[in-house]
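Engineer: Following this line is model.txt, made up of compact mmCIF, C-alpha atoms:
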# COMPACT_ATOMS: atom_id res chain seq x y z
CA MET Q 1 -8.92 14.21 55.30
CA ILE Q 2 -6.58 13.31 52.44
CA LEU Q 3 -7.59 15.14 49.27
CA THR Q 4 -6.22 15.60 45.79
CA GLY Q 5 -3.85 18.46 45.11
CA ARG Q 6 -5.85 19.54 42.09
CA ASP Q 7 -7.84 22.02 44.12
CA GLY Q 8 -5.12 23.87 45.90
CA GLN Q 9 -5.10 27.63 45.81
CA VAL Q 10 -2.59 30.44 46.11
CA LEU Q 11 -3.98 33.85 47.03
CA TRP Q 12 -2.23 37.19 47.15
CA ASP Q 13 -3.03 40.66 48.41
CA ALA Q 14 -0.46 43.13 47.15
CA THR Q 15 -1.27 45.64 49.88
CA GLY Q 16 -0.05 43.30 52.57
CA ALA Q 17 -3.01 44.20 54.77
CA SER Q 18 -3.99 41.52 57.26
CA PRO Q 19 -6.39 39.80 56.97
CA GLY Q 20 -6.70 41.80 53.74
CA THR Q 21 -8.56 40.58 50.69
CA PRO Q 22 -6.27 38.08 48.98
CA VAL Q 23 -7.31 37.05 45.49
CA ALA Q 24 -6.56 33.69 43.88
CA ILE Q 25 -3.66 33.71 41.41
CA ILE Q 26 -4.80 31.68 38.43
CA SER Q 27 -2.78 29.34 36.21
CA LEU Q 28 -0.74 27.96 39.10
CA ASN Q 29 -0.46 24.24 39.75
CA ASN Q 30 2.00 23.88 42.56
CA PHE Q 31 2.99 25.40 45.87
CA LYS Q 32 5.47 24.37 48.50
CA LEU Q 33 5.65 25.76 51.99
CA SER Q 34 8.67 25.09 54.10
CA ILE Q 35 8.37 25.49 57.86
CA LYS Q 36 11.73 24.78 59.34
CA THR Q 37 13.19 25.76 62.62
CA ASP Q 38 16.89 26.35 63.08
CA ARG Q 39 18.53 23.86 65.36
CA ILE Q 40 21.36 25.22 67.48
CA ASP Q 41 24.00 22.72 68.41
CA VAL Q 42 24.51 22.77 72.17
CA SER Q 43 26.43 19.53 72.45
CA CYS Q 44 28.75 19.38 75.44
CA PHE Q 45 31.57 17.24 76.74
CA GLY Q 46 30.10 14.01 77.99
CA ASP Q 47 27.02 13.99 75.74
CA VAL Q 48 26.54 10.63 74.07
CA ASN Q 49 25.18 12.31 70.97
CA ARG Q 50 24.76 15.80 69.58
CA VAL Q 51 22.12 17.87 71.32
CA TYR Q 52 20.16 20.72 69.75
CA VAL Q 53 17.82 23.42 70.88
CA PRO Q 54 15.37 25.14 68.57
CA GLY Q 55 16.08 28.57 67.21
CA LEU Q 56 13.87 30.67 65.00
CA LYS Q 57 11.33 29.19 62.68
CA ASP Q 58 11.89 29.98 59.00
CA ILE Q 59 8.99 30.29 56.57
CA SER Q 60 9.68 30.14 52.86
CA GLY Q 61 8.53 28.30 49.79
CA SER Q 62 7.67 28.36 46.15
CA VAL Q 63 4.78 28.51 43.73
CA ALA Q 64 4.66 27.37 40.12
CA GLY Q 65 2.39 27.16 37.11
CA TYR Q 66 2.06 28.63 33.65
CA TRP Q 67 2.70 32.09 32.30
CA ASN Q 68 -0.66 33.68 31.60
CA SER Q 69 -0.71 37.19 30.18
CA GLU Q 70 -4.06 37.75 31.87
CA GLU Q 71 -2.62 37.02 35.30
CA LEU Q 72 0.28 39.25 36.29
CA ALA Q 73 -0.05 39.12 40.07
CA LEU Q 74 3.06 37.04 40.58
CA VAL Q 75 5.36 39.06 38.34
CA GLU Q 76 4.01 42.30 39.79
CA ALA Q 77 4.59 40.92 43.28
CA ALA Q 78 8.22 40.34 42.37
CA ASP Q 79 8.54 44.05 41.61
CA GLN Q 80 7.17 45.12 44.98
CA VAL Q 81 9.50 46.56 47.56
CA THR Q 82 6.88 46.08 50.26
CA PRO Q 83 5.53 42.69 51.29
CA GLY Q 84 2.13 41.45 50.26
CA LEU Q 85 -0.10 38.98 52.02
CA LEU Q 86 0.27 35.39 50.79
CA LYS Q 87 -2.30 32.73 51.58
CA LEU Q 88 -1.82 29.06 50.75
CA VAL Q 89 -4.84 26.74 50.76
CA PRO Q 90 -4.18 23.01 50.27
CA HIS Q 91 -7.74 22.33 49.12
CA THR Q 92 -10.54 24.75 48.36
CA THR Q 93 -13.21 22.42 49.81
CA GLU Q 94 -11.54 22.99 53.17
CA PRO Q 95 -11.00 26.74 52.94
CA THR Q 96 -10.60 27.17 56.67
CA PHE Q 97 -7.31 25.24 56.54
CA PHE Q 98 -4.56 27.51 55.30
CA TRP Q 99 -1.26 29.22 56.02
CA SER Q 100 -1.01 32.95 55.60
CA GLY Q 101 1.33 35.81 56.24
CA PRO Q 102 3.30 38.70 54.83
CA ALA Q 103 5.80 37.69 52.18
CA TYR Q 104 8.28 38.93 49.67
CA MET Q 105 7.97 37.27 46.28
CA ASP Q 106 10.40 36.52 43.50
CA ALA Q 107 9.44 35.25 40.04
CA ASP Q 108 11.02 33.17 37.30
CA ILE Q 109 9.74 32.54 33.81
CA ASP Q 110 10.97 29.52 31.89
CA THR Q 111 10.14 29.37 28.19
CA SER Q 112 11.20 26.58 25.87
CA VAL Q 113 10.36 25.98 22.24
CA ASP Q 114 8.39 22.81 22.89
CA GLY Q 115 6.31 23.73 25.89
CA ALA Q 116 4.08 26.32 27.46
CA PRO Q 117 5.99 29.08 29.21
CA ALA Q 118 6.26 28.21 32.87
CA LEU Q 119 6.06 30.73 35.66
CA SER Q 120 7.36 30.08 39.13
CA GLY Q 121 8.25 32.05 42.18
CA THR Q 122 9.75 31.83 45.61
CA PHE Q 123 8.72 33.62 48.76
CA SER Q 124 10.11 34.44 52.15
CA ALA Q 125 8.27 35.54 55.24
CA ALA Q 126 8.24 39.27 55.92
CA GLY Q 127 6.51 39.02 59.28
CA PRO Q 128 4.63 36.57 61.46
CA TRP Q 129 2.71 33.82 59.68
CA VAL Q 130 -0.37 32.03 60.94
CA ARG Q 131 -1.76 28.57 60.39
CA GLU Q 132 -5.54 28.24 60.49
CA PRO Q 133 -7.32 26.73 62.20
CA ILE Q 134 -5.08 26.82 65.24
CA VAL Q 135 -7.10 24.01 66.81
CA PRO Q 136 -8.42 21.77 64.02
CA MET Y 1 -18.80 27.98 33.42
CA ALA Y 2 -19.03 24.52 31.84
CA ARG Y 3 -15.87 22.75 30.76
CA PRO Y 4 -15.58 22.73 26.96
CA ASP Y 5 -15.89 19.55 24.92
CA SER Y 6 -12.45 18.33 23.82
CA SER Y 7 -13.95 16.91 20.63
CA ALA Y 8 -14.47 20.50 19.54
CA ILE Y 9 -10.72 20.70 18.91
CA ASP Y 10 -10.85 17.67 16.59
CA ALA Y 11 -13.88 19.10 14.81
CA ALA Y 12 -12.25 22.51 14.41
CA LEU Y 13 -9.14 20.98 12.90
CA VAL Y 14 -11.15 18.93 10.42
CA ALA Y 15 -13.34 21.92 9.58
CA LEU Y 16 -10.30 24.10 8.94
CA LEU Y 17 -8.94 21.60 6.43
CA GLN Y 18 -12.35 21.02 4.85
CA ALA Y 19 -12.89 24.73 4.33
CA ASP Y 20 -9.72 25.26 2.34
CA ALA Y 21 -10.44 25.51 -1.36
CA THR Y 22 -6.87 24.77 -2.43
CA LEU Y 23 -6.71 21.57 -0.42
CA SER Y 24 -10.13 20.57 -1.73
CA ILE Y 25 -8.85 20.80 -5.29
CA LEU Y 26 -5.78 18.75 -4.48
CA MET Y 27 -7.64 16.16 -2.38
CA PRO Y 28 -11.21 16.34 -3.73
CA ASP Y 29 -12.54 13.31 -1.85
CA GLY Y 30 -12.61 15.16 1.46
CA VAL Y 31 -11.18 15.29 4.95
CA TYR Y 32 -11.97 12.53 7.45
CA MET Y 33 -11.29 11.69 11.05
CA ASP Y 34 -9.46 8.35 11.38
CA LEU Y 35 -10.96 6.50 8.39
CA ALA Y 36 -12.20 7.47 4.95
CA PRO Y 37 -15.18 5.73 3.37
CA PRO Y 38 -14.22 2.95 0.95
CA GLY Y 39 -13.66 3.71 -2.71
CA LEU Y 40 -12.02 7.11 -2.34
CA GLN Y 41 -8.72 7.89 -4.03
CA ARG Y 42 -7.58 11.35 -2.90
CA TYR Y 43 -8.37 12.46 0.62
CA VAL Y 44 -7.00 13.76 3.89
CA ILE Y 45 -6.97 11.79 7.14
CA VAL Y 46 -6.79 13.32 10.61
CA SER Y 47 -6.04 11.06 13.58
CA LEU Y 48 -5.54 11.97 17.21
CA ILE Y 49 -2.32 10.28 18.32
CA ILE Y 50 -2.19 11.51 21.89
CA ALA Y 51 -3.83 14.25 23.91
CA GLU Y 52 -2.26 15.29 27.17
CA ASP Y 53 -3.99 17.50 29.68
CA ARG Y 54 -2.07 19.84 31.91
CA ALA Y 55 -3.75 21.01 35.08
CA THR Y 56 -3.61 24.06 37.22
CA PHE Y 57 -5.33 24.59 40.55
CA GLY Y 58 -9.03 24.65 39.81
CA GLY Y 59 -9.01 22.63 36.62
CA ARG Y 60 -7.62 21.78 33.22
CA ALA Y 61 -5.44 24.52 31.78
CA ILE Y 62 -3.89 23.14 28.61
CA GLU Y 63 -4.88 20.44 26.16
CA ASP Y 64 -1.81 19.41 24.22
CA CYS Y 65 -2.93 17.33 21.23
CA LEU Y 66 -0.76 15.55 18.70
CA TYR Y 67 -2.52 14.78 15.41
CA LEU Y 68 -1.46 12.81 12.38
CA VAL Y 69 -2.60 14.84 9.39
CA LYS Y 70 -1.80 13.36 6.01
CA ALA Y 71 -2.89 13.39 2.43
CA VAL Y 72 -3.60 9.92 1.04
CA MET Y 73 -3.63 9.31 -2.69
CA LEU Y 74 -3.95 6.31 -4.95
CA ALA Y 75 -0.67 6.22 -6.82
CA THR Y 76 -1.71 5.74 -10.40
CA SER Y 77 0.46 6.63 -13.33
CA GLY Y 78 0.61 10.36 -13.88
CA ALA Y 79 -1.25 11.25 -10.70
CA THR Y 80 0.16 14.28 -8.95
CA GLY Y 81 -0.77 16.39 -6.02
CA ILE Y 82 0.46 14.53 -2.94
CA LYS Y 83 3.44 16.85 -2.57
CA GLU Y 84 1.32 19.95 -2.99
CA ALA Y 85 -1.33 18.62 -0.60
CA ALA Y 86 1.22 17.98 2.14
CA ALA Y 87 2.61 21.47 1.63
CA ARG Y 88 -0.88 22.92 1.83
CA ILE Y 89 -1.63 21.04 5.04
CA ASP Y 90 1.57 22.45 6.49
CA ALA Y 91 0.63 25.98 5.43
CA LEU Y 92 -2.77 25.60 7.07
CA LEU Y 93 -1.53 24.20 10.38
CA GLU Y 94 1.91 25.60 11.12
CA ASP Y 95 1.47 28.60 13.43
CA GLN Y 96 -2.10 29.10 12.23
CA PRO Y 97 -4.81 29.69 14.84
CA ILE Y 98 -7.58 27.12 15.20
CA VAL Y 99 -10.96 28.35 16.37
CA ALA Y 100 -12.72 25.82 18.61
CA ASP Y 101 -15.76 26.37 20.81
CA GLY Y 102 -14.75 27.02 24.40
CA TYR Y 103 -11.02 27.21 23.70
CA ASP Y 104 -8.32 29.72 23.02
CA TRP Y 105 -5.57 28.73 20.62
CA MET Y 106 -2.09 28.60 22.14
CA GLY Y 107 0.02 27.20 19.36
CA GLY Y 108 0.28 24.75 16.51
CA PHE Y 109 3.30 23.32 14.78
CA ARG Y 110 4.65 20.21 13.12
CA ASP Y 111 6.54 17.74 15.30
CA GLU Y 112 7.50 15.30 12.55
CA ARG Y 113 7.13 14.89 8.82
CA VAL Y 114 5.40 11.79 7.48
CA ARG Y 115 5.98 10.25 4.06
CA TYR Y 116 5.59 6.65 3.00
CA VAL Y 117 4.09 4.37 0.37
CA GLU Y 118 1.64 1.64 1.29
CA ILE Y 119 0.90 -1.48 -0.75
CA ASP Y 120 -2.83 -2.10 -1.04
CA GLU Y 121 -3.98 -5.01 1.14
CA THR Y 122 -6.24 -6.54 -1.49
CA ASP Y 123 -4.30 -5.79 -4.66
CA SER Y 124 -0.53 -5.76 -4.33
CA THR Y 125 -0.13 -3.89 -7.62
CA ILE Y 126 -1.82 -0.83 -6.15
CA ARG Y 127 0.21 1.73 -4.23
CA TRP Y 128 -1.04 4.42 -1.86
CA GLN Y 129 0.98 7.50 -1.16
CA HIS Y 130 0.80 9.06 2.29
CA ARG Y 131 2.30 12.44 3.03
CA GLY Y 132 1.84 15.00 5.78
CA GLY Y 133 2.99 15.29 9.34
CA ARG Y 134 2.36 14.94 13.03
CA TYR Y 135 1.02 18.28 14.17
CA ARG Y 136 0.85 19.51 17.73
CA VAL Y 137 -2.16 21.65 18.60
CA GLN Y 138 -2.16 23.35 21.98
CA MET Y 139 -5.41 24.82 23.26
CA THR Y 140 -6.48 26.28 26.58
CA PRO Y 141 -10.05 26.11 27.82
CA THR Y 142 -11.46 29.60 28.01
CA THR Y 143 -12.68 28.68 31.48
CA SER Y 144 -9.09 28.26 32.68
CA LEU Y 145 -8.74 32.04 32.66
CA THR Y 146 -11.06 32.27 35.64
CA ILE Y 147 -11.58 30.33 38.83
For this file, produce the structure as C-alpha cells.
Structural biologist:
Amino acid sequence: MILTGRDGQVLWDATGASPGTPVAIISLNNFKLSIKTDRIDVSCFGDVNRVYVPGLKDISGSVAGYWNSEELALVEAADQVTPGLLKLVPHTTEPTFFWSGPAYMDADIDTSVDGAPALSGTFSAAGPWVREPIVP
Amino acid sequence: MARPDSSAIDAALVALLQADATLSILMPDGVYMDLAPPGLQRYVIVSLIIAEDRATFGGRAIEDCLYLVKAVMLATSGATGIKEAAARIDALLEDQPIVADGYDWMGGFRDERVRYVEIDETDSTIRWQHRGGRYRVQMTPTTSLTI
C-alpha cells in the first residue's frame, strides 16, 4: 500500500542487542536507506557489452530532523565505539514492514540564524541486516 | 495527547501586548487582531501573515508564524508616541518568550521593520501613522516531544 511519509519511524537500541528493544528517536523527519550491491566487471573479449556479476551488498543511509535537547539518542550514538541496533519503519501503521540491523552512526548538527537547528546522521551496517517480513 | 490549538499562539501574542502597561499608555485604545473597531485613534494591530508548519515523524513539530505587529495612530498635530510604541513592541517581542497553551516557545525576532503613513480613505486631510515590524514567532507543540 502506498502511504504518506509522515508516519515513518527511526528506532535505535544503543546496546546493539538483536532483536533488542529499539526506541523511537523523536524529532526526525527523514530517513534514507541505501541497499546497493557491488557489481564486478567481468567483461571479456567478444562480449557485445559489459557484463557484471554481483558482489557484496552494501547497507548505508541517513536520518535527519531537528535538534531537540530532550532527544540525544542520535548524538550519543555517534559517540559509540560499538554498533547499536537501527530499525527503519516506513509507516507506523504497518509496523511489521521494516529494515533492521547493527549500525554505526555519525551525526551532524546544522544551525543557522534563521532556522531551527537541524540534526542529521549517517549510518553504515556493522553486521547482517534483515528486511521484514521476508515474505510479504 | 491532543494536538494544541494554533489559535492559542495568536491569542498569547495579543495577550502579551495587551498586558503591558507601558504599551497601554502609549496606545490606549487597545490591541486587536486584524482590525480595530471604528473610531479608535491609537491602537496596536496584530495580523498573521503566514504560518508554516514543519513536520517530524509522528506529527507537527514546529509552527513558524510571521506576524505583522504595528502601532497605528491618527497623526494629529502634536501627537506623539508612535516611535515609542514601536520601540515598546520590539522590546516585548524580540527574544522574549511567549506562553501559549500546549506549546513551548522556541524563538521570536523581528524579520523586517515597518513604517509608513496612510492617507485616510474618507478624508484625505487625515493621516495615519503605522510603525512596528514583521515578527517571527516559532513555537513547538508540547506533544512533539513525545510519540
Engineer: Taking all atoms listed in the file into account, report as a list in words which residues of chain Y lie within 10 Å of chain Q.
Structural biologist: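 Per the criterion, chain Y yields Arg54, Ala55, Thr56, Phe57, Gly58, Gly59, Arg60, Ala61, Ile62, Asp64, Met106, Gly107, Phe109, Asp111, Arg136, Gln138, Ser144, Leu145, Thr146 and Ile147 of chain Y.
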Engineer: Between CA of Asp108 (chain Q) and CA of Asp104 (chain Y), what is the distance in Å, rounded to a tenth?
Structural biologist: 24.3 Å
Engineer: Please indicate the distance in Å from CA of Ile50 (chain Y) to CA of Leu13 (chain Y), rounded to one decimal place.
Structural biologist: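 Result for CA of Ile50 (chain Y) versus CA of Leu13 (chain Y): 14.8 Å, one decimal.
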Engineer: When you draw a straight line from CA of Lys83 (chain Y) to CA of Thr122 (chain Y), how long is it in Å?
Structural biologist: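 Interatomic distance here is 25.3 Å.
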Engineer: Which residue gives the smallest distance to Glu94 (chain Y) among Y:Leu48, Y:Arg134, Y:Arg42, Y:Thr76, with all atoms listed in the file counted?
Structural biologist: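 Closest candidate: Y:Arg134.
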Engineer: Which residues come within 10 Å of Thr96 (chain Q), counting only C-alpha atoms, excluding same-chain residues fewer than 3 positions away, as a list in words?
Structural biologist: Val89, Pro90, His91, Thr92, Thr93, Trp99, Arg131, Glu132, Pro133 and Pro136 of chain Q
Engineer: Using all atoms listed in the file, can you tell me which of Q:Ala14, Q:Val48, Q:Val113, Q:Leu56 comes closest to Pro83 (chain Q)?
Structural biologist: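 Of the candidates, the smallest distance to Pro83 (chain Q) is held by Q:Ala14.
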Engineer: Can you tell me, as a list of chain:residue names, what residues are no more than 7 Å from Met105 (chain Q) when counting only C-alpha atoms, ignoring any on the same chain fewer than 5 positions away?
Structural biologist: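 The contact residues come out as Q:Ala77, Q:Ala78, Q:Gly121, Q:Thr122, Q:Phe123, Q:Ser124.
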Engineer: Could you give me, as a PDB file with C-alpha atoms, keeping the file's coordinate frame, the residues within 8 Å of Val51 (chain Q), counting all atoms listed in the file and dropping anything in the same chain fewer than 5 positions from it?
Structural biologist:
ATOM      1  CA  ASP Q  41      24.000  22.720  68.410  1.00  0.00           C
ATOM      2  CA  VAL Q  42      24.510  22.770  72.170  1.00  0.00           C
ATOM      3  CA  SER Q  43      26.430  19.530  72.450  1.00  0.00           C
ATOM      4  CA  CYS Q  44      28.750  19.380  75.440  1.00  0.00           C
TER       5      CYS Q  44
END
Engineer: Looking at Q:Asp106, Q:Glu94, Q:Pro117, Q:Ala126, which one is nearest to Ile2 (chain Q), with distances taken over all atoms listed in the file?
Structural biologist: Q:Glu94
